[in-house]
$ cat work-v4.cif   # mmCIF, C-alpha atoms and all ligand atoms
data_data
loop_
_atom_site.group_PDB
_atom_site.id
_atom_site.type_symbol
_atom_site.label_atom_id
_atom_site.label_comp_id
_atom_site.auth_asym_id
_atom_site.auth_seq_id
_atom_site.Cartn_x
_atom_site.Cartn_y
_atom_site.Cartn_z
ATOM 1 C CA MET A 1 94.507 57.896 106.453
ATOM 2 C CA THR A 2 96.412 61.075 107.149
ATOM 3 C CA LYS A 3 100.120 61.742 106.832
ATOM 4 C CA SER A 4 101.970 62.626 109.978
ATOM 5 C CA SER A 5 104.265 65.591 109.529
ATOM 6 C CA ASP A 6 107.491 64.026 110.810
ATOM 7 C CA LYS A 7 108.207 60.847 108.870
ATOM 8 C CA GLU A 8 105.433 61.033 106.270
ATOM 9 C CA LEU A 9 104.033 57.755 107.591
ATOM 10 C CA LEU A 10 100.317 57.135 107.243
ATOM 11 C CA ARG A 11 98.257 57.058 110.405
ATOM 12 C CA ALA A 12 94.588 56.442 111.037
ATOM 13 C CA SER A 13 92.228 56.214 113.991
ATOM 14 C CA PHE A 14 90.406 52.947 114.424
ATOM 15 C CA LYS A 15 87.736 51.739 116.787
ATOM 16 C CA LEU A 16 87.414 48.074 117.591
ATOM 17 C CA GLU A 17 83.963 47.404 118.947
ATOM 18 C CA TYR A 18 82.077 44.319 120.013
ATOM 19 C CA PRO A 19 78.330 44.771 119.962
ATOM 20 C CA TYR A 20 77.016 43.495 123.244
ATOM 21 C CA GLU A 21 73.453 43.355 124.504
ATOM 22 C CA ARG A 22 72.875 42.739 128.126
ATOM 23 C CA SER A 23 69.788 41.329 129.778
ATOM 24 C CA PRO A 24 69.567 42.727 133.314
ATOM 25 C CA GLY A 25 67.034 40.140 134.482
ATOM 26 C CA PRO A 26 64.033 40.723 136.779
ATOM 27 C CA VAL A 27 65.847 42.228 139.768
ATOM 28 C CA ILE A 28 68.495 44.527 138.245
ATOM 29 C CA GLY A 29 65.862 45.228 135.576
ATOM 30 C CA LYS A 30 63.522 46.534 138.262
ATOM 31 C CA PHE A 31 66.377 48.554 139.771
ATOM 32 C CA PHE A 32 67.101 50.234 136.407
ATOM 33 C CA ASP A 33 63.409 50.666 135.715
ATOM 34 C CA GLU A 34 62.910 52.537 138.980
ATOM 35 C CA LEU A 35 65.972 54.718 138.361
ATOM 36 C CA SER A 36 64.073 56.214 135.438
ATOM 37 C CA ASN A 37 61.378 57.191 137.978
ATOM 38 C CA GLU A 38 64.112 58.776 140.135
ATOM 39 C CA VAL A 39 63.595 56.079 142.741
ATOM 40 C CA LEU A 40 66.325 53.878 144.216
ATOM 41 C CA VAL A 41 65.297 50.362 145.146
ATOM 42 C CA GLY A 42 67.211 47.598 146.853
ATOM 43 C CA THR A 43 66.467 44.032 147.832
ATOM 44 C CA LYS A 44 66.106 42.795 151.408
ATOM 45 C CA ASN A 45 67.198 39.428 152.792
ATOM 46 C CA SER A 46 65.537 37.455 155.582
ATOM 47 C CA LYS A 47 67.896 39.028 158.157
ATOM 48 C CA GLY A 48 66.643 42.477 157.139
ATOM 49 C CA GLU A 49 69.855 43.503 155.323
ATOM 50 C CA VAL A 50 69.357 45.690 152.250
ATOM 51 C CA PHE A 51 71.411 45.639 149.048
ATOM 52 C CA VAL A 52 71.640 48.588 146.651
ATOM 53 C CA PRO A 53 72.000 48.105 143.714
ATOM 54 C CA ALA A 54 69.310 45.458 144.076
ATOM 55 C CA ALA A 55 70.932 42.028 144.205
ATOM 56 C CA GLU A 56 69.223 38.904 142.934
ATOM 57 C CA PHE A 57 71.079 36.750 145.452
ATOM 58 C CA ASP A 58 72.540 37.462 148.879
ATOM 59 C CA PRO A 59 76.300 37.849 148.294
ATOM 60 C CA LYS A 60 77.067 35.974 151.541
ATOM 61 C CA ASP A 61 74.730 32.983 151.633
ATOM 62 C CA SER A 62 73.177 33.060 148.140
ATOM 63 C CA GLU A 63 69.641 33.486 149.497
ATOM 64 C CA HIS A 64 67.314 34.258 146.622
ATOM 65 C CA LEU A 65 66.119 37.836 147.094
ATOM 66 C CA SER A 66 62.813 39.123 145.793
ATOM 67 C CA GLU A 67 61.592 41.665 148.365
ATOM 68 C CA PHE A 68 62.132 45.203 147.082
ATOM 69 C CA VAL A 69 62.521 48.204 149.335
ATOM 70 C CA GLU A 70 62.807 51.845 148.394
ATOM 71 C CA VAL A 71 65.789 53.691 149.863
ATOM 72 C CA LYS A 72 66.688 57.343 150.247
ATOM 73 C CA ASN A 73 68.883 58.834 147.516
ATOM 74 C CA GLU A 74 71.606 59.756 149.987
ATOM 75 C CA GLY A 75 74.591 57.742 151.071
ATOM 76 C CA VAL A 76 78.083 57.659 152.542
ATOM 77 C CA VAL A 77 81.426 57.443 150.723
ATOM 78 C CA GLN A 78 83.164 54.166 151.566
ATOM 79 C CA SER A 79 86.173 54.637 149.304
ATOM 80 C CA TYR A 80 87.080 56.590 146.208
ATOM 81 C CA THR A 81 89.622 57.204 143.455
ATOM 82 C CA TRP A 82 90.164 60.772 142.316
ATOM 83 C CA ILE A 83 90.326 61.214 138.526
ATOM 84 C CA LYS A 84 92.307 64.391 138.084
ATOM 85 C CA LYS A 85 92.398 64.428 134.285
ATOM 86 C CA PRO A 86 89.452 62.574 132.762
ATOM 87 C CA ARG A 87 90.102 60.696 129.510
ATOM 88 C CA ALA A 88 87.936 61.180 126.434
ATOM 89 C CA HIS A 89 85.690 58.214 127.250
ATOM 90 C CA HIS A 90 84.791 59.381 130.762
ATOM 91 C CA LEU A 91 81.257 60.695 131.162
ATOM 92 C CA ILE A 92 82.429 63.678 133.195
ATOM 93 C CA GLN A 93 85.055 65.922 131.644
ATOM 94 C CA GLU A 94 86.116 67.756 134.810
ATOM 95 C CA SER A 95 88.005 66.212 137.724
ATOM 96 C CA PHE A 96 85.769 63.759 139.542
ATOM 97 C CA ALA A 97 85.915 60.629 141.682
ATOM 98 C CA PHE A 98 84.900 57.046 141.146
ATOM 99 C CA ALA A 99 83.506 56.015 144.512
ATOM 100 C CA LEU A 100 81.942 53.154 146.396
ATOM 101 C CA ILE A 101 78.853 54.652 147.998
ATOM 102 C CA SER A 102 76.795 52.950 150.665
ATOM 103 C CA MET A 103 73.226 54.214 150.393
ATOM 104 C CA GLU A 104 71.563 55.194 153.649
ATOM 105 C CA GLY A 105 70.029 52.218 155.451
ATOM 106 C CA THR A 106 71.754 49.645 153.252
ATOM 107 C CA ASP A 107 74.399 46.994 153.897
ATOM 108 C CA SER A 108 76.207 47.206 150.566
ATOM 109 C CA ALA A 109 77.926 49.772 148.392
ATOM 110 C CA MET A 110 77.581 50.762 144.778
ATOM 111 C CA LEU A 111 80.119 52.125 142.331
ATOM 112 C CA HIS A 112 79.377 55.518 140.858
ATOM 113 C CA MET A 113 80.897 58.947 140.363
ATOM 114 C CA ILE A 114 81.121 62.001 142.604
ATOM 115 C CA ALA A 115 81.423 65.363 140.891
ATOM 116 C CA ASN A 116 81.080 69.089 141.529
ATOM 117 C CA CYS A 117 83.711 69.088 144.251
ATOM 118 C CA ASN A 118 87.433 69.554 144.797
ATOM 119 C CA GLU A 119 89.766 66.737 145.687
ATOM 120 C CA ASN A 120 90.369 68.164 149.188
ATOM 121 C CA GLU A 121 86.640 68.302 149.963
ATOM 122 C CA LEU A 122 86.197 64.575 149.443
ATOM 123 C CA GLU A 123 86.906 62.026 152.157
ATOM 124 C CA ILE A 124 85.746 58.632 153.312
ATOM 125 C CA GLY A 125 82.588 59.021 155.381
ATOM 126 C CA LYS A 126 81.404 62.087 153.493
ATOM 127 C CA ARG A 127 77.658 62.197 152.861
ATOM 128 C CA VAL A 128 76.593 62.423 149.216
ATOM 129 C CA LYS A 129 73.314 62.571 147.290
ATOM 130 C CA VAL A 130 72.124 61.556 143.846
ATOM 131 C CA VAL A 131 72.019 64.063 140.996
ATOM 132 C CA TRP A 132 69.602 62.675 138.395
ATOM 133 C CA ASN A 133 70.130 62.830 134.680
ATOM 134 C CA GLU A 134 67.283 64.644 132.975
ATOM 135 C CA GLU A 135 67.275 62.178 130.120
ATOM 136 C CA LYS A 136 66.361 58.710 131.326
ATOM 137 C CA THR A 137 67.663 55.554 129.659
ATOM 138 C CA GLN A 138 66.757 52.946 132.307
ATOM 139 C CA THR A 139 70.444 52.351 132.933
ATOM 140 C CA ILE A 140 72.835 53.289 135.723
ATOM 141 C CA ARG A 141 73.408 56.534 133.796
ATOM 142 C CA ASP A 142 70.026 57.776 135.005
ATOM 143 C CA ILE A 143 72.108 58.757 138.022
ATOM 144 C CA LYS A 144 74.279 61.513 136.537
ATOM 145 C CA TYR A 145 76.640 61.520 139.512
ATOM 146 C CA PHE A 146 76.628 62.062 143.270
ATOM 147 C CA GLU A 147 77.506 65.326 144.953
ATOM 148 C CA ILE A 148 78.554 66.196 148.474
ATOM 149 C CA ILE A 149 75.746 67.182 150.856
ATOM 150 C CA ASP A 150 76.624 70.497 152.499
ATOM 151 C CA ASP A 151 76.117 70.215 156.242
ATOM 152 C CA MET B 1 56.182 52.869 139.961
ATOM 153 C CA THR B 2 55.794 51.349 136.566
ATOM 154 C CA GLU B 3 55.478 47.702 135.600
ATOM 155 C CA GLU B 4 57.344 48.327 132.371
ATOM 156 C CA LYS B 5 60.606 46.409 132.179
ATOM 157 C CA LYS B 6 63.558 46.878 129.914
ATOM 158 C CA ASP B 7 64.627 43.425 128.760
ATOM 159 C CA PHE B 8 67.882 44.255 126.990
ATOM 160 C CA PHE B 9 70.157 47.182 126.684
ATOM 161 C CA VAL B 10 73.120 47.814 124.440
ATOM 162 C CA SER B 11 76.419 47.883 126.255
ATOM 163 C CA ASN B 12 79.108 47.793 123.578
ATOM 164 C CA ILE B 13 82.699 46.967 124.398
ATOM 165 C CA SER B 14 85.022 49.205 122.438
ATOM 166 C CA LEU B 15 88.652 50.109 122.044
ATOM 167 C CA SER B 16 89.807 53.218 120.197
ATOM 168 C CA TYR B 17 93.331 53.138 118.880
ATOM 169 C CA GLN B 18 95.741 54.863 116.528
ATOM 170 C CA TYR B 19 97.249 52.829 113.706
ATOM 171 C CA THR B 20 100.605 53.803 112.229
ATOM 172 C CA ALA B 21 101.161 52.126 108.893
ATOM 173 C CA GLY B 22 104.975 51.998 108.912
ATOM 174 C CA ASN B 23 107.285 52.489 105.916
ATOM 175 C CA ALA B 24 106.311 49.526 103.734
ATOM 176 C CA THR B 25 102.555 49.855 104.157
ATOM 177 C CA THR B 26 102.739 53.631 103.729
ATOM 178 C CA ARG B 27 104.539 53.175 100.390
ATOM 179 C CA PHE B 28 102.012 50.526 99.358
ATOM 180 C CA LEU B 29 98.964 52.631 100.267
ATOM 181 C CA ASN B 30 100.377 55.750 98.590
ATOM 182 C CA LYS B 31 100.558 53.704 95.374
ATOM 183 C CA VAL B 32 97.052 52.296 95.960
ATOM 184 C CA ALA B 33 95.923 55.951 96.030
ATOM 185 C CA GLU B 34 97.199 56.122 92.414
ATOM 186 C CA GLY B 35 95.392 52.921 91.465
ATOM 187 C CA LYS B 36 98.543 50.767 91.543
ATOM 188 C CA LEU B 37 99.210 47.554 93.461
ATOM 189 C CA VAL B 38 102.932 47.572 94.249
ATOM 190 C CA ALA B 39 104.477 44.487 95.790
ATOM 191 C CA GLN B 40 107.906 43.955 97.353
ATOM 192 C CA LYS B 41 110.289 41.161 96.437
ATOM 193 C CA CYS B 42 112.627 39.294 98.764
ATOM 194 C CA PRO B 43 116.281 39.678 97.606
ATOM 195 C CA LYS B 44 117.075 36.202 98.949
ATOM 196 C CA CYS B 45 114.204 33.856 98.102
ATOM 197 C CA SER B 46 112.531 36.133 95.511
ATOM 198 C CA ALA B 47 109.083 35.746 97.102
ATOM 199 C CA VAL B 48 106.727 38.585 96.139
ATOM 200 C CA TYR B 49 104.619 40.104 98.878
ATOM 201 C CA VAL B 50 101.460 42.160 98.424
ATOM 202 C CA PRO B 51 100.528 43.918 100.599
ATOM 203 C CA PRO B 52 104.204 44.273 101.554
ATOM 204 C CA ARG B 53 105.328 44.493 105.163
ATOM 205 C CA GLY B 54 108.922 45.571 104.523
ATOM 206 C CA SER B 55 110.615 42.260 105.168
ATOM 207 C CA CYS B 56 110.503 38.611 104.210
ATOM 208 C CA PRO B 57 109.132 36.587 107.149
ATOM 209 C CA ARG B 58 110.944 33.512 105.852
ATOM 210 C CA CYS B 59 114.410 34.987 105.315
ATOM 211 C CA GLY B 60 114.272 37.808 107.843
ATOM 212 C CA VAL B 61 115.684 40.329 105.379
ATOM 213 C CA ALA B 62 114.348 43.710 104.242
ATOM 214 C CA THR B 63 112.367 43.718 100.988
ATOM 215 C CA GLU B 64 113.284 46.867 99.098
ATOM 216 C CA GLU B 65 112.735 45.968 95.457
ATOM 217 C CA GLU B 66 109.270 47.033 94.376
ATOM 218 C CA LEU B 67 107.266 45.783 91.425
ATOM 219 C CA GLU B 68 103.825 46.673 90.198
ATOM 220 C CA LEU B 69 101.362 43.792 89.913
ATOM 221 C CA PRO B 70 98.214 43.641 87.784
ATOM 222 C CA ASP B 71 94.820 43.910 89.471
ATOM 223 C CA THR B 72 93.973 40.382 88.355
ATOM 224 C CA GLY B 73 94.427 37.177 90.279
ATOM 225 C CA ALA B 74 92.726 34.052 91.519
ATOM 226 C CA VAL B 75 90.703 32.897 94.509
ATOM 227 C CA GLU B 76 92.975 31.002 96.883
ATOM 228 C CA SER B 77 90.295 30.477 99.528
ATOM 229 C CA PHE B 78 86.844 31.861 100.318
ATOM 230 C CA THR B 79 83.981 31.990 102.790
ATOM 231 C CA ILE B 80 80.342 32.710 102.050
ATOM 232 C CA VAL B 81 79.126 34.899 104.902
ATOM 233 C CA HIS B 82 75.476 34.316 105.820
ATOM 234 C CA ILE B 83 75.320 35.884 109.277
ATOM 235 C CA PRO B 84 75.177 39.687 109.434
ATOM 236 C CA ILE B 85 77.751 41.387 111.587
ATOM 237 C CA PRO B 86 76.223 44.363 113.442
ATOM 238 C CA GLY B 87 77.650 47.594 112.088
ATOM 239 C CA ASN B 88 78.797 46.001 108.825
ATOM 240 C CA PRO B 89 76.953 47.645 105.912
ATOM 241 C CA ILE B 90 77.429 44.655 103.580
ATOM 242 C CA VAL B 91 74.238 42.611 103.344
ATOM 243 C CA PRO B 92 74.732 38.809 103.501
ATOM 244 C CA PRO B 93 75.115 36.475 101.810
ATOM 245 C CA TYR B 94 78.402 37.722 100.394
ATOM 246 C CA VAL B 95 81.822 36.266 99.628
ATOM 247 C CA SER B 96 84.991 37.060 101.549
ATOM 248 C CA ALA B 97 87.991 35.646 99.749
ATOM 249 C CA MET B 98 91.742 35.374 99.927
ATOM 250 C CA ILE B 99 92.873 36.764 96.575
ATOM 251 C CA ARG B 100 96.251 35.829 95.102
ATOM 252 C CA LEU B 101 97.258 38.525 92.605
ATOM 253 C CA ASP B 102 99.086 37.329 89.491
ATOM 254 C CA GLY B 103 102.790 37.311 90.317
ATOM 255 C CA ALA B 104 102.313 37.378 94.113
ATOM 256 C CA ASP B 105 103.314 34.697 96.614
ATOM 257 C CA ILE B 106 100.799 35.635 99.282
ATOM 258 C CA SER B 107 97.120 36.496 99.211
ATOM 259 C CA PHE B 108 95.009 39.138 100.909
ATOM 260 C CA LEU B 109 91.415 39.339 102.035
ATOM 261 C CA HIS B 110 88.833 41.108 99.895
ATOM 262 C CA LEU B 111 85.246 40.793 98.685
ATOM 263 C CA ILE B 112 83.984 39.054 95.579
ATOM 264 C CA GLN B 113 80.759 40.291 94.018
ATOM 265 C CA GLU B 114 78.979 40.240 90.655
ATOM 266 C CA ILE B 115 78.863 36.469 91.037
ATOM 267 C CA ASP B 116 76.319 33.716 91.532
ATOM 268 C CA LEU B 117 77.229 32.286 94.962
ATOM 269 C CA ALA B 118 76.942 28.747 93.611
ATOM 270 C CA ASP B 119 79.771 29.479 91.149
ATOM 271 C CA ILE B 120 82.449 30.592 93.591
ATOM 272 C CA ARG B 121 85.383 28.184 93.731
ATOM 273 C CA ILE B 122 89.075 27.996 94.539
ATOM 274 C CA GLY B 123 91.177 28.796 91.468
ATOM 275 C CA MET B 124 88.566 31.110 89.926
ATOM 276 C CA ARG B 125 90.075 34.052 88.020
ATOM 277 C CA VAL B 126 89.067 37.485 89.322
ATOM 278 C CA GLN B 127 89.766 41.139 88.639
ATOM 279 C CA ALA B 128 89.494 44.225 90.844
ATOM 280 C CA VAL B 129 86.529 46.555 90.434
ATOM 281 C CA TRP B 130 87.760 50.011 91.370
ATOM 282 C CA LYS B 131 85.747 52.859 92.787
ATOM 283 C CA ASP B 132 85.513 56.031 90.744
ATOM 284 C CA ARG B 133 88.920 57.699 90.658
ATOM 285 C CA SER B 134 87.524 60.775 92.447
ATOM 286 C CA GLU B 135 86.894 58.596 95.525
ATOM 287 C CA TRP B 136 90.387 57.113 95.755
ATOM 288 C CA GLY B 137 92.362 57.465 98.971
ATOM 289 C CA THR B 138 95.212 55.683 100.740
ATOM 290 C CA THR B 139 93.122 52.578 101.357
ATOM 291 C CA LEU B 140 92.440 49.177 99.769
ATOM 292 C CA GLU B 141 88.782 50.236 99.821
ATOM 293 C CA ASN B 142 89.639 51.935 96.510
ATOM 294 C CA ILE B 143 88.866 48.456 95.231
ATOM 295 C CA LYS B 144 85.137 47.934 95.768
ATOM 296 C CA TRP B 145 85.416 44.196 95.264
ATOM 297 C CA PHE B 146 86.752 41.603 92.834
ATOM 298 C CA LYS B 147 84.614 40.050 90.106
ATOM 299 C CA PRO B 148 85.061 36.888 87.997
ATOM 300 C CA THR B 149 86.830 37.401 84.671
ATOM 301 C CA GLY B 150 85.351 34.313 83.036
ATOM 302 C CA GLU B 151 88.818 32.974 82.121
ATOM 303 C CA ALA B 152 89.777 29.349 82.742
ATOM 304 C CA ASP B 153 90.513 28.495 86.408
ATOM 305 C CA VAL B 154 94.089 28.251 87.615
ATOM 306 C CA ASP B 155 95.365 24.985 89.081
ATOM 307 C CA PRO B 156 95.272 25.373 92.896
ATOM 308 C CA SER B 157 98.770 23.833 93.080
ATOM 309 C CA VAL B 158 100.149 27.247 91.990
ATOM 310 C CA PHE B 159 99.155 28.542 95.439
ATOM 311 C CA LYS B 160 101.796 26.388 97.064
ATOM 312 C CA PHE B 161 104.457 28.639 98.572
ATOM 313 C CA LYS B 162 107.778 28.602 96.663
ATOM 314 C CA GLU B 163 110.374 26.376 98.279
HETATM 315 ZN ZN ZN C 1 112.785 35.614 101.462
#
$ encode --input "work-v4.cif" --output "structure tokens"
Amino acid sequence: MTKSSDKELLRASFKLEYPYERSPGPVIGKFFDELSNEVLVGTKNSKGEVFVPAAEFDPKDSEHLSEFVEVKNEGVVQSYTWIKKPRAHHLIQESFAFALISMEGTDSAMLHMIANCNENELEIGKRVKVVWNEEKTQTIRDIKYFEIIDD
Amino acid sequence: MTEEKKDFFVSNISLSYQYTAGNATTRFLNKVAEGKLVAQKCPKCSAVYVPPRGSCPRCGVATEEELELPDTGAVESFTIVHIPIPGNPIVPPYVSAMIRLDGADISFLHLIQEIDLADIRIGMRVQAVWKDRSEWGTTLENIKWFKPTGEADVDPSVFKFKE
């Protein structure tokens, strides 16, 4: 513990942490696995709709999905929240956006980050592409962030 | 594409926070840094609290009178921990116990070691085992653990809170 200068009260930093191991299962597992190969895969339902990230079940009618399709690593911004001043736990320490991104040719959106741009450059409908992390962990972090495609 | 699958991944849930000890706990921990266990006494019901929190929860009055207690006491309650907690360096099985210091009216949680697990019991007399003085800080971790003294057990009825 350290003494704070004002009232001479003791203070200390603590971290409360619950260890948590997650099993992604066969479908999300495959999705993560392919991310480490710098490949984005989705699943396709019987109507031909594609979900990225790969979904194990159709979110509308619960159809069990097992057909994988590879999609392009470009997409369109559906919505976003601009993070002007990142907090210590954020993975990006400069202003960035959390965004829902619909990958090209898919019928869903995925949550990720958009970086390397200014707030006024970003808008709904903007095209973005994946920037891969060099170090692969077979998690969503294999995508470092998305950046705006210059037209 | 590879057939290799990752079955599990670690995704810890954590919360970082700043703890401010407050007046009573600050005074207590500053004394612990000198190897002393200093309790506070209620001016109304005379209950003795260690660690002190600055007030008597029963009477709702500030506890300002301080008194030093010995580092001996008795086991009020205990648990033998058999399941390891990830991140906890203590290897099970070990004993976590509520220790009632001599002269105190409440107990606090600490470890008991240097004991055969089959011998642990409520009422057993224990004494603090301190770290080397050079390692002392403003923390109850200055006490490594408590160990049995070998004296006769106390009658558990003494743990009853004073009316
Ligand atoms: Zn009282």
$ residues_near_ligand --input "work-v4.cif" --ligand "ligand ZN 1 (chain C)" --cutoff "10 Å" --atoms "only C-alpha atoms and all ligand atoms" --output "MDAnalysis selection string"
chainID B and resid 41:49 55:63 162
$ resolve_selection --input "work-v4.cif" --expression "the PyMOL selection byres ((chain A) within 9 of (chain B))" --output "PyMOL selection string"
chain A and resi 1-2+7-26+29-30+32-34+37+39+138-139
$ residues_near_point --input "work-v4.cif" --point "(102.5, 45.2, 89.8)" --cutoff "6 Å" --atoms "only C-alpha atoms" --output "list in words"
Leu37, Val38, Leu67, Glu68, Leu69 and Pro70 of chain B
$ atom_distance --input "work-v4.cif" --atom1 "CA of Val69 in chain A" --atom2 "CA of Glu147 in chain A"
23.2 Å
$ atom_distance --input "work-v4.cif" --atom1 "CA of Asp119 in chain B" --atom2 "CA of Pro148 in chain B"
9.6 Å
$ residues_around --input "work-v4.cif" --residues "Ala74 in chain B" --least-positions-apart "2" --cutoff "10 Å" --atoms "all atoms listed in the file" --output "list in words"
Thr72, Glu76, Ser77, Ala97, Met98, Ile99, Arg100, Leu101, Asp102, Ser107, Arg121, Ile122, Gly123, Met124, Arg125, Val126, Gln127, Phe146, Pro148, Thr149, Asp153, Val154, Asp155, Pro156 and Phe159 of chain B
$ decode --input "work-v4.cif" --residues "range 133-141 of chain B" --atoms "all heavy atoms" --output "compact mmCIF listing (two decimals), in the first residue's frame"
# COMPACT_ATOMS: atom_id res chain seq x y z
N ARG B 133 11.29 -9.36 9.64
CA ARG B 133 11.00 -7.95 9.83
C ARG B 133 11.32 -7.09 8.59
O ARG B 133 10.63 -6.13 8.28
CB ARG B 133 11.82 -7.43 11.02
CG ARG B 133 11.25 -6.20 11.63
CD ARG B 133 12.10 -5.69 12.79
NE ARG B 133 11.39 -4.56 13.38
CZ ARG B 133 10.72 -4.63 14.51
NH1 ARG B 133 10.69 -5.74 15.20
NH2 ARG B 133 10.08 -3.56 14.96
N SER B 134 12.37 -7.49 7.86
CA SER B 134 12.78 -6.72 6.68
C SER B 134 11.73 -6.75 5.59
O SER B 134 11.73 -5.93 4.68
CB SER B 134 14.10 -7.30 6.13
OG SER B 134 13.89 -8.64 5.71
N GLU B 135 10.78 -7.71 5.67
CA GLU B 135 9.75 -7.83 4.63
C GLU B 135 8.43 -7.19 5.04
O GLU B 135 7.46 -7.26 4.31
CB GLU B 135 9.50 -9.32 4.31
CG GLU B 135 10.68 -10.06 3.73
CD GLU B 135 10.38 -11.56 3.62
OE1 GLU B 135 9.39 -11.91 2.97
OE2 GLU B 135 11.13 -12.35 4.21
N TRP B 136 8.39 -6.58 6.24
CA TRP B 136 7.12 -6.03 6.70
C TRP B 136 6.68 -4.81 5.89
O TRP B 136 7.49 -3.98 5.52
CB TRP B 136 7.23 -5.63 8.17
CG TRP B 136 7.25 -6.81 9.11
CD1 TRP B 136 7.11 -8.12 8.77
CD2 TRP B 136 7.42 -6.75 10.52
NE1 TRP B 136 7.19 -8.91 9.89
CE2 TRP B 136 7.38 -8.10 10.98
CE3 TRP B 136 7.60 -5.74 11.45
CZ2 TRP B 136 7.51 -8.43 12.33
CZ3 TRP B 136 7.74 -6.07 12.78
CH2 TRP B 136 7.69 -7.40 13.21
N GLY B 137 5.37 -4.74 5.68
CA GLY B 137 4.76 -3.59 5.02
C GLY B 137 3.42 -3.32 5.66
O GLY B 137 3.09 -3.91 6.70
N THR B 138 2.63 -2.44 5.07
CA THR B 138 1.32 -2.11 5.64
C THR B 138 0.28 -3.13 5.16
O THR B 138 -0.68 -2.79 4.48
CB THR B 138 0.90 -0.70 5.23
OG1 THR B 138 1.12 -0.56 3.81
CG2 THR B 138 1.70 0.37 5.96
N THR B 139 0.51 -4.39 5.55
CA THR B 139 -0.40 -5.45 5.12
C THR B 139 -0.42 -6.58 6.15
O THR B 139 0.59 -6.85 6.81
CB THR B 139 0.03 -6.02 3.75
OG1 THR B 139 -0.64 -7.27 3.53
CG2 THR B 139 1.53 -6.24 3.66
N LEU B 140 -1.58 -7.26 6.26
CA LEU B 140 -1.68 -8.41 7.17
C LEU B 140 -0.86 -9.60 6.67
O LEU B 140 -0.72 -10.60 7.36
CB LEU B 140 -3.14 -8.82 7.37
CG LEU B 140 -3.81 -8.39 8.68
CD1 LEU B 140 -5.15 -9.10 8.83
CD2 LEU B 140 -2.94 -8.67 9.91
N GLU B 141 -0.33 -9.48 5.44
CA GLU B 141 0.56 -10.53 4.93
C GLU B 141 1.89 -10.53 5.68
O GLU B 141 2.71 -11.42 5.46
CB GLU B 141 0.79 -10.35 3.43
CG GLU B 141 -0.44 -10.72 2.62
CD GLU B 141 -0.27 -10.49 1.13
OE1 GLU B 141 0.87 -10.27 0.67
OE2 GLU B 141 -1.30 -10.50 0.43
